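To keep things clear, I will list the structure first and then write my remarks on it.
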Amino acid sequence: MTLTSPLFLFAFLPIIVILYSLLDRRWRNILIALASLGFYIFGDPAATLLLLILVLVNWGFGLGISRLKEAGRPARWLAAVAISLDLLALGYYKYAAFLVSILNVPLIFAGILPLPAPSMITVLGISFITFTAVSYIVDILRGDAVAYNNPTYTFSFIALFPKVIAGPITTFKSLAGQVLKREWSAGQALSGGARFILGLAKKVIIADTIGTAVNQIFSLPAGQLTPAVAWIGAIGYTLQLYFDFSGYSDMAIGLGRVFGFTFMENFNYPYISTSVREFWRRWHMSLTNWFREYLYIPLGGNRAGRLRTYGNLMTVFLLCGLWHGANWTFIVWGAWHGLFLILERLPLVNRLGKAVFGPGARNTFIFMPLKYVYTMLVVILGWVMFRSGSVTQALEFLRAMFGCGNAAALAMPVWYMSNSVVIAMLLAVILSWPLAPRLLAGFRGLTDTVKSRMADTAGDTLAVAVSVIILLALLLLSLMMLTSRNFQPFIYAQF
C-alpha cells in the first residue's frame with residue numbers, strides 16, 4: 001500500500017481521518033500508532049517485525065541514554081552502540097549483496113570460489129527509517145529532546161505513516177513535542193487535504209505521464225539512441241523525478257497537517273538554482289539538513305581548514321550517493337555533486353564569481369543565464385547516472401547525448417513525445433519556476449478586488465468556491481488517470 005494506491009485513497013485514509021476527527025485527544029495518538037502499523041503491514045508485511053525490533057531497540061537505548069545523562073555518567077558509548085545497530089540493519093538489508101559482489105571480484109581473479117549472495121528481504125523505507133532512528137538517539141544524547149517513556153510514541157515518531165516510505169526525514173527535536181501533543185482543527189485538516197491533492201496531481205498527472213516516455217527511452221539499447229532522444233530522456237527524467245518526489249513530499253506534508261503535524265518543507269524550486277551549492281539548499285532539504293547536522297558538522301564542517309572542508313564535503317556526498325542505493329551509479333552521482341561543490345568553493349572560482357556577479361559587476365544579465373545553464377547541465381548529467389542501471393549504461397547514454405554514440409541509431413523523438421507527454425513536460429517546466437505563488441498572489445488580489453465591490457462574505461465564498469472547484473477537478477483527473485494506467489510506484493520508495 002502506498003499513498004496513491006486505491007486501498008489507501010478510498011478506504012484506509014477516509015476511515016482514519018473520520019475516526020481521528022471523532023476521537024478524544026487522548027486516543028488520537030493510539031490511532032496514529034495503529035494506523036502507522038497497519039499502513040506498514042499492508043505495504044511490507046515481511047519487514048514489519050524488523051521495524052518493530054528497530055523501534056524497541058531505539059526506545060530502550062534512548063531511555064538508557066537519558067538515565068545515564070541524569071546520573072551524570074557518560075552516555076556516548078551507549079549512543080554509539082545504538083547507532084551502530086541501526087546502521088548495521090541498514091547495511092545488511094540494503095548493502096550486503098553489493099558488498100559481497102565487490103568482495104567476489106578479487107576472489108574470482110585469484111581463482112577462489114566466490115561468496116554466495118546473501119538471501120534477504122527488501123525493507124520498505126529502510127533508509128528513511130534508519131536516519132530517523134539515528135536522529136532519535138543523537139538528539140537525546142545532545143539534550144535537544146527527551147526520550148519517550150512509552151514505546152508507542154517512539155514508534156509513531158519513527159514509523160509515522162505519511163512519511164515512513166520517502167520522508168521528509170524529520171529530526172526528533174523537531175517532532176518530539178508534536179507526537180505527544182498537537183493542535184488540530186477542521187480548517188487545518190482541510191488545508192492539509194488541499195496540499196495532499198496538489199501533491200497527488202504532481203505525481204499522477206505530470207510525473208507519471210512523463211515517466212511513460214522516460215522508461216521507454218532508458219530501456220533502449222545504446223545503439224538505438226540518437227542525441228535528440230537521449231536528451232529528451234535525460235530532461236524528461238529530470239522533470240519526472242522532481243515532480244514524483246516533490247509530489248510525495250507534498251502529500252506527506254499535507255497528510256501530516258491533516259493530523260496536526262508540521263513537517264519541514266522538502267523542496268524549494270531547486271531547478272531555478274544558479275549553482276550546485278544553491279541546488280542542494282533547495283533539493284531534498286530534509287536529507288541535506290540531516291547530513292549537515294549529523295555528519296558534516298560532527299566531521300568538522302568548514303571549521304578545520306580548506307582541505308578538511310573539501311574532504312568533509314566529498315565524504316558526505318559519497319555517503320549521500322550510497323544512501324540512495326547499493327549501486328556504483330549512486331556513488332558516482334554523489335562524487336559528481338561533491339566534486340562541483342568543492343570546485344565552487346575554490347578561491348580562484350570565488351574571486352572570479354565576485355568579479356563577474358558581485359556588486360557593481362558589469363554584464364551580470366549576460367552571465368547569470370550562463371550560471372543557470374551550468375547548474376542545470378551538472379544536475380541533468382548527474383540524473384542520467386542516477387537513473388541508469390549501471391555505470392556502463394550511463395556512459396553509453398551520455399555518449400549518445402553528445403553525439404558520440406552509434407551513428408546508425410534510428411530512434412526518433414516523435415515516437416516518445418505524445419501529446420500528453422508534451423503537455424506534461426511543458427507544465428513541468430512552467431511549474432518548476434515559482435510562478436504558482438505569484439499566480440496565487442494575483443488570484444488573492446483579484447478576490448480582494450471582488451470583495452471590495454461585494455459583501456465580504458460573498459467575496460470569501462467566491463474565493464473558496466473557485467479553490468474547491470480547482471482542487472476537485474485535479475482530484476478527479478488524478479483518480480481517473482490512476483485507474484486508467486498501470487501503477488507507477490514513487491521513485492524514492494525504493495530507497
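Following the order of the C-alpha cells, chains are lettered A, B, ..., residues in each are numbered from 1, and ligands are numbered from 1.
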Quick one: DSSP alpha helix (DSSP H) residues in range 248-446 of chain A, as a PyMOL selection string?
chain A and resi 248-258+276-282+285-291+297-299+306-324+328-343+347-357+364-387+391-401+419-431+435-446
File dump, residues just selected, C-alpha atoms, as a short mmCIF file (atom, residue, chain, number, x, y, z; two decimals), in the first residue's frame:
data_model
loop_
_atom_site.label_atom_id
_atom_site.label_comp_id
_atom_site.auth_asym_id
_atom_site.auth_seq_id
_atom_site.Cartn_x
_atom_site.Cartn_y
_atom_site.Cartn_z
CA TYR A 248 5.19 12.64 -2.48
CA SER A 249 6.59 15.29 -0.13
CA ASP A 250 3.52 17.48 -0.68
CA MET A 251 1.26 14.52 0.03
CA ALA A 252 3.19 13.61 3.19
CA ILE A 253 3.28 17.21 4.44
CA GLY A 254 -0.42 17.57 3.68
CA LEU A 255 -1.31 14.35 5.47
CA GLY A 256 0.79 15.42 8.43
CA ARG A 257 -1.18 18.66 8.57
CA VAL A 258 -4.46 16.71 8.42
CA VAL A 276 25.25 23.39 -7.34
CA ARG A 277 25.60 24.76 -3.83
CA GLU A 278 22.28 26.55 -4.16
CA PHE A 279 20.73 23.43 -5.70
CA TRP A 280 21.45 21.47 -2.54
CA ARG A 281 19.91 24.19 -0.42
CA ARG A 282 16.68 23.69 -2.40
CA MET A 285 16.16 19.76 2.05
CA SER A 286 15.36 17.32 4.85
CA LEU A 287 18.15 14.98 3.68
CA THR A 288 20.58 17.88 3.28
CA ASN A 289 19.65 19.07 6.78
CA TRP A 290 20.19 15.57 8.20
CA PHE A 291 23.63 15.17 6.65
CA ILE A 297 29.20 19.37 11.29
CA PRO A 298 30.41 16.50 13.54
CA LEU A 299 33.20 15.86 10.98
CA ARG A 306 40.09 24.37 3.42
CA LEU A 307 41.39 20.87 2.65
CA ARG A 308 39.48 19.37 5.56
CA THR A 309 36.32 21.11 4.33
CA TYR A 310 36.77 19.63 0.86
CA GLY A 311 37.31 16.18 2.37
CA ASN A 312 34.21 16.53 4.53
CA LEU A 313 32.12 17.57 1.53
CA MET A 314 33.27 14.65 -0.57
CA THR A 315 32.73 12.21 2.30
CA VAL A 316 29.21 13.49 2.86
CA PHE A 317 28.23 13.26 -0.79
CA LEU A 318 29.80 9.86 -1.34
CA LEU A 319 27.70 8.63 1.58
CA CYS A 320 24.71 10.57 0.27
CA GLY A 321 25.05 8.70 -3.02
CA LEU A 322 25.47 5.37 -1.27
CA TRP A 323 22.42 6.11 0.92
CA HIS A 324 20.30 6.20 -2.23
CA TRP A 328 28.10 2.22 -8.27
CA THR A 329 25.90 4.65 -10.20
CA PHE A 330 24.75 6.28 -6.95
CA ILE A 331 28.30 6.51 -5.63
CA VAL A 332 29.49 8.15 -8.85
CA TRP A 333 26.48 10.50 -8.72
CA GLY A 334 27.40 11.51 -5.17
CA ALA A 335 31.04 12.05 -6.13
CA TRP A 336 29.92 14.13 -9.15
CA HIS A 337 27.99 16.55 -6.95
CA GLY A 338 30.73 16.57 -4.30
CA LEU A 339 33.28 17.50 -6.98
CA PHE A 340 31.32 20.53 -8.14
CA LEU A 341 30.61 21.64 -4.59
CA ILE A 342 34.35 21.63 -4.00
CA LEU A 343 35.08 23.42 -7.28
CA PRO A 347 39.41 30.56 -4.00
CA LEU A 348 40.03 31.32 -7.68
CA VAL A 349 36.44 30.42 -8.58
CA ASN A 350 35.11 32.54 -5.70
CA ARG A 351 37.16 35.57 -6.75
CA LEU A 352 36.07 35.15 -10.35
CA GLY A 353 32.44 34.85 -9.26
CA LYS A 354 32.61 38.04 -7.21
CA ALA A 355 34.24 39.90 -10.11
CA VAL A 356 31.56 38.80 -12.57
CA PHE A 357 28.47 38.63 -10.36
CA THR A 364 25.59 40.38 -14.98
CA PHE A 365 22.48 39.99 -17.12
CA ILE A 366 24.64 38.14 -19.65
CA PHE A 367 26.48 35.84 -17.25
CA MET A 368 23.63 34.91 -14.90
CA PRO A 369 21.90 32.76 -17.56
CA LEU A 370 25.23 31.00 -18.07
CA LYS A 371 25.32 30.14 -14.36
CA TYR A 372 21.84 28.69 -14.65
CA VAL A 373 22.78 26.65 -17.74
CA TYR A 374 25.93 25.39 -16.00
CA THR A 375 23.96 24.32 -12.92
CA MET A 376 21.24 22.55 -14.88
CA LEU A 377 23.81 20.80 -17.07
CA VAL A 378 25.56 19.44 -13.97
CA VAL A 379 22.23 18.35 -12.49
CA ILE A 380 20.88 16.75 -15.68
CA LEU A 381 24.07 14.81 -16.38
CA GLY A 382 24.08 13.66 -12.77
CA TRP A 383 20.49 12.44 -13.06
CA VAL A 384 21.48 10.29 -16.04
CA MET A 385 23.93 8.46 -13.79
CA PHE A 386 21.27 8.31 -11.05
CA ARG A 387 18.67 6.78 -13.38
CA VAL A 391 27.86 2.88 -14.94
CA THR A 392 28.27 1.34 -18.39
CA GLN A 393 24.70 2.19 -19.36
CA ALA A 394 25.13 5.72 -18.01
CA LEU A 395 28.30 6.30 -20.03
CA GLU A 396 26.65 4.96 -23.19
CA PHE A 397 23.66 7.23 -22.59
CA LEU A 398 25.92 10.25 -22.06
CA ARG A 399 27.87 9.42 -25.20
CA ALA A 400 24.62 9.36 -27.16
CA MET A 401 23.58 12.73 -25.70
CA ASN A 419 0.59 14.98 -26.94
CA SER A 420 0.10 14.08 -23.29
CA VAL A 421 3.86 13.83 -22.69
CA VAL A 422 4.50 17.18 -24.39
CA ILE A 423 1.79 18.87 -22.31
CA ALA A 424 3.08 17.27 -19.09
CA MET A 425 6.66 18.37 -19.82
CA LEU A 426 5.57 21.93 -20.61
CA LEU A 427 3.58 22.04 -17.36
CA ALA A 428 6.57 20.64 -15.50
CA VAL A 429 8.92 23.30 -16.89
CA ILE A 430 6.47 26.08 -16.03
CA LEU A 431 5.75 24.77 -12.53
CA LEU A 435 5.12 31.10 -10.93
CA ALA A 436 2.38 29.37 -8.96
CA PRO A 437 2.86 31.52 -5.82
CA ARG A 438 2.74 34.63 -7.99
CA LEU A 439 -0.43 33.42 -9.69
CA LEU A 440 -1.88 32.66 -6.27
CA ALA A 441 -0.96 36.15 -5.10
CA GLY A 442 -2.64 37.54 -8.21
CA PHE A 443 -5.71 35.41 -7.51
CA ARG A 444 -5.83 36.73 -3.96
CA GLY A 445 -5.52 40.25 -5.30
CA LEU A 446 -8.40 39.57 -7.66
#
Just the residues within 9 Å of Thr170 in chain A, please, counting only C-alpha atoms, with nothing from its chain fewer than 2 positions along; format it as a short mmCIF file (atom, residue, chain, number, x, y, z; two decimals) with C-alpha atoms, in the first residue's frame.
data_model
loop_
_atom_site.label_atom_id
_atom_site.label_comp_id
_atom_site.auth_asym_id
_atom_site.auth_seq_id
_atom_site.Cartn_x
_atom_site.Cartn_y
_atom_site.Cartn_z
CA PHE A 131 18.06 8.03 9.53
CA THR A 132 15.00 8.89 11.63
CA SER A 135 18.16 11.30 14.84
CA PHE A 157 7.88 9.13 15.51
CA ILE A 158 9.94 6.60 13.56
CA LYS A 163 6.40 9.93 5.80
CA GLY A 167 10.20 11.25 4.09
CA PRO A 168 10.60 14.12 4.65
CA PHE A 172 13.47 14.04 16.67
CA LYS A 173 13.88 17.51 18.19
CA SER A 174 11.55 18.98 15.55
CA LEU A 175 8.77 16.42 16.06
CA PHE A 263 6.83 18.58 8.76
CA MET A 264 9.66 20.60 7.29
CA SER A 286 15.36 17.32 4.85
CA LEU A 287 18.15 14.98 3.68
CA TRP A 290 20.19 15.57 8.20
#
Residues within 9 Å of Val55 in chain A, please, as a compact mmCIF listing (two decimals) with N, CA and C atoms, in the first residue's frame. Count only C-alpha atoms; anything in the same chain fewer than 5 positions from it doesn't count.
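Printed below is around.txt as written:
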# COMPACT_ATOMS: atom_id res chain seq x y z
N LEU A 50 10.92 -6.56 11.67
CA LEU A 50 12.18 -5.83 11.74
C LEU A 50 11.94 -4.39 12.18
N GLY A 60 14.59 1.55 23.85
CA GLY A 60 15.36 1.11 25.02
C GLY A 60 16.67 1.87 25.17
N ALA A 133 15.72 7.04 13.03
CA ALA A 133 16.11 6.41 14.29
C ALA A 133 17.42 6.99 14.81
N PRO A 151 6.88 3.30 24.46
CA PRO A 151 7.39 2.89 23.14
C PRO A 151 6.42 3.21 22.01
N THR A 154 7.56 6.37 20.48
CA THR A 154 8.77 6.16 19.67
C THR A 154 8.39 5.55 18.33
N PHE A 155 7.46 4.61 18.34
CA PHE A 155 7.00 4.01 17.10
C PHE A 155 6.35 5.05 16.20
N ILE A 158 9.11 7.26 14.57
CA ILE A 158 9.94 6.60 13.56
C ILE A 158 9.13 6.13 12.36
N ALA A 159 7.91 5.63 12.60
CA ALA A 159 7.14 4.98 11.53
C ALA A 159 5.87 5.73 11.18
Name the residues in contact with Ala33 in chain A at a cut-off of 6 Å, using only C-alpha atoms, excluding same-chain residues fewer than 3 positions from it; report them as a ChimeraX atom specification.
/A:30,36,156
Put those residues in a file: C-alpha atoms, as a PDB file, in the first residue's frame.
ATOM      1  CA  ILE A  30      -3.089   5.475  19.777  1.00  0.00           C
ATOM      2  CA  SER A  36       1.099   3.597  11.035  1.00  0.00           C
ATOM      3  CA  SER A 156       4.832   6.921  15.980  1.00  0.00           C
TER       4      SER A 156
END
Could you tell me how far CA of Ile129 in chain A sits from CA of Tyr95 in chain A, in Å to one decimal place?
15.4 Å
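Near range 62-70 of chain A, within 7 Å and counting only C-alpha atoms, sit Leu78, Ala79, Ile137, Ile140, Leu141 and Ala147 of chain A; same-chain residues fewer than 6 positions away were not included.
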